[in-house]
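Undergrad: Starting off with a structure, shown below.
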Amino acid sequence: MAMAFRANPSAPGSATAPAARAGRGCVYSEVKSRLQGAGLRPTRQRMGLGWLLFAKGDRHLTAEGLYEEALKAQVPVSLATVYNTLHQFTEAGLIREIAVEGAKTHFDTKATNHHHFYIEGENRLIDIEGSDIAVETLPDVPEGMEIARVDVVVRLRRKA
Ligand SMILES: [Zn+2]
């Protein structure tokens with residue numbers, strides 16, 4: 001089962017305390033090596049946005065949401081830069097883009113295979129473990145093509 005959210009993240013004795021608690025320097029160097037590992041030069045803007053993106057663990061957010069966080073954290077970027085950077089991060093495989101019909105594009109800092117619930121009317125995504133959904137039959141793909149991955153979005157609505 002998916003257990004994406006823990007009620008008490010600061011359980012004593014946890015060996016994997018969030019890096020954010022260990023101080024800025026630690027997170028910054030981690031973001032830097034992530035960027036470099038993906039072949040991206042760690043410019044000031046990429047570092048600033050990467051720090052905002054990755055310091056809070058796995059999450060989904062829109063370009064507008066990240067832009068708001070940048071303003072609050074006084075990271076000097078424009079919305080256009082946020083869009084460009086998110087697309088560069090996506091192309092480099094650091095994050096994934098989740099397109100849901102009728103919703104703004106979300107970006108996912110968890111770049112491994114998994115699926116999503118989408119809550120209609122709330123514009124919210126919740127992770128589903130990759131192993132919790134089995135797609136049994138897939139069509140033949142056109143010649144010269146291969147399936148890159150299968151993303152499943154299960155749409156939810158509140159019971160009437
Ligand atoms: Zn996700």
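Naming scheme: A, B, ... for chains in displayed order of the structure tokens; residues 1 onward per chain; ligands 1 onward as shown.
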Set the cut-off to 6 Å, count only C-alpha atoms and all ligand atoms, and list whatever residues fall near ligand 1 as an mmCIF file with N, CA and C atoms, in the first residue's frame.

TA:
data_model
loop_
_atom_site.group_PDB
_atom_site.id
_atom_site.type_symbol
_atom_site.label_atom_id
_atom_site.label_comp_id
_atom_site.auth_asym_id
_atom_site.auth_seq_id
_atom_site.Cartn_x
_atom_site.Cartn_y
_atom_site.Cartn_z
ATOM 1 N N ASP A 108 6.705 16.668 -10.645
ATOM 2 C CA ASP A 108 6.832 15.680 -9.574
ATOM 3 C C ASP A 108 8.309 15.509 -9.246
ATOM 4 N N LYS A 110 9.474 13.290 -7.405
ATOM 5 C CA LYS A 110 9.777 11.860 -7.311
ATOM 6 C C LYS A 110 9.868 11.334 -8.741
ATOM 7 N N ASP A 127 0.335 10.245 -4.624
ATOM 8 C CA ASP A 127 1.086 9.137 -5.219
ATOM 9 C C ASP A 127 0.395 7.793 -5.047
#

Undergrad: Extract the full set of helix (DSSP H, G or I) residues from segment 10-153 of chain A according to DSSP on the backbone, and format it as a ChimeraX atom specification.

TA: /A:19-22,24-37,44-54,63-72,79-91,130-132

Undergrad: Give me every strand (DSSP E or B) residue in segment 90-119 of chain A, going by DSSP on the backbone, as a ChimeraX atom specification.

TA: /A:96-98,106-108,114-119

Undergrad: Let me see the file: selected residues, N, CA and C atoms, as a PDB file, in the first residue's frame.

TA:
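In the end it all went to out19.pdb:
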ATOM      1  N   ARG A  96       9.566  14.897 -13.008  1.00  0.00           N
ATOM      2  CA  ARG A  96       8.671  14.439 -14.067  1.00  0.00           C
ATOM      3  C   ARG A  96       7.490  15.380 -14.201  1.00  0.00           C
ATOM      4  N   GLU A  97       7.010  15.459 -15.424  1.00  0.00           N
ATOM      5  CA  GLU A  97       5.865  16.288 -15.705  1.00  0.00           C
ATOM      6  C   GLU A  97       4.633  15.399 -15.658  1.00  0.00           C
ATOM      7  N   ILE A  98       3.597  15.843 -14.993  1.00  0.00           N
ATOM      8  CA  ILE A  98       2.347  15.088 -14.962  1.00  0.00           C
ATOM      9  C   ILE A  98       1.269  15.948 -15.587  1.00  0.00           C
ATOM     10  N   HIS A 106       1.500  19.576 -13.511  1.00  0.00           N
ATOM     11  CA  HIS A 106       2.224  19.441 -12.261  1.00  0.00           C
ATOM     12  C   HIS A 106       3.608  18.876 -12.542  1.00  0.00           C
ATOM     13  N   PHE A 107       4.516  19.199 -11.656  1.00  0.00           N
ATOM     14  CA  PHE A 107       5.853  18.617 -11.729  1.00  0.00           C
ATOM     15  C   PHE A 107       6.061  17.799 -10.467  1.00  0.00           C
ATOM     16  N   ASP A 108       6.705  16.668 -10.645  1.00  0.00           N
ATOM     17  CA  ASP A 108       6.832  15.680  -9.574  1.00  0.00           C
ATOM     18  C   ASP A 108       8.309  15.509  -9.246  1.00  0.00           C
ATOM     19  N   HIS A 114       5.842   5.672 -10.757  1.00  0.00           N
ATOM     20  CA  HIS A 114       4.673   5.542  -9.889  1.00  0.00           C
ATOM     21  C   HIS A 114       3.486   6.180 -10.590  1.00  0.00           C
ATOM     22  N   HIS A 115       2.331   6.042  -9.982  1.00  0.00           N
ATOM     23  CA  HIS A 115       1.102   6.550 -10.588  1.00  0.00           C
ATOM     24  C   HIS A 115       0.454   7.556  -9.642  1.00  0.00           C
ATOM     25  N   HIS A 116      -0.710   8.080 -10.061  1.00  0.00           N
ATOM     26  CA  HIS A 116      -1.324   9.132  -9.248  1.00  0.00           C
ATOM     27  C   HIS A 116      -2.836   9.040  -9.146  1.00  0.00           C
ATOM     28  N   PHE A 117      -3.338   9.389  -7.978  1.00  0.00           N
ATOM     29  CA  PHE A 117      -4.730   9.787  -7.837  1.00  0.00           C
ATOM     30  C   PHE A 117      -4.773  11.278  -8.160  1.00  0.00           C
ATOM     31  N   TYR A 118      -5.824  11.687  -8.838  1.00  0.00           N
ATOM     32  CA  TYR A 118      -6.054  13.118  -9.034  1.00  0.00           C
ATOM     33  C   TYR A 118      -7.409  13.437  -8.432  1.00  0.00           C
ATOM     34  N   ILE A 119      -7.437  14.384  -7.502  1.00  0.00           N
ATOM     35  CA  ILE A 119      -8.695  14.737  -6.859  1.00  0.00           C
ATOM     36  C   ILE A 119      -9.323  15.885  -7.628  1.00  0.00           C
TER      37      ILE A 119
END

Undergrad: Work out how far apart atom CA of Ala73 of chain A and atom CA of His87 of chain A are and give it in Å to one decimal.

TA: 21.1 Å

Undergrad: Between atom CA of Lys159 of chain A and atom CA of Arg124 of chain A, what distance in Å does the model show, to one decimal?

TA: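 Answer for the atom CA of Lys159 of chain A to atom CA of Arg124 of chain A separation: 16.3 Å.
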
Undergrad: For segment 33-39 of chain A, find every residue with an atom within 10 Å (counting only C-alpha atoms), except residues of its own chain fewer than 4 positions away, and show them as a ChimeraX atom specification.

TA: /A:27-29,43,46-47,50,54,89,91-94

Undergrad: Please provide as a PDB file with N, CA and C atoms, in the first residue's frame all residues within 12 Å of Glu136 of chain A, with the sequence filter that same-chain residues fewer than 3 positions apart are discarded (counting only C-alpha atoms).

TA:
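Now in part01.pdb:
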ATOM      1  N   ILE A 133      -0.467  -0.820  -9.163  1.00  0.00           N
ATOM      2  CA  ILE A 133      -1.279  -0.866 -10.380  1.00  0.00           C
ATOM      3  C   ILE A 133      -0.581  -1.770 -11.381  1.00  0.00           C
ATOM      4  N   PRO A 139      -1.357  -2.319 -26.062  1.00  0.00           N
ATOM      5  CA  PRO A 139      -1.462  -2.534 -27.510  1.00  0.00           C
ATOM      6  C   PRO A 139      -0.087  -2.657 -28.155  1.00  0.00           C
ATOM      7  N   VAL A 150       4.379   3.912 -18.699  1.00  0.00           N
ATOM      8  CA  VAL A 150       2.923   4.038 -18.636  1.00  0.00           C
ATOM      9  C   VAL A 150       2.571   4.796 -17.362  1.00  0.00           C
TER      10      VAL A 150
END
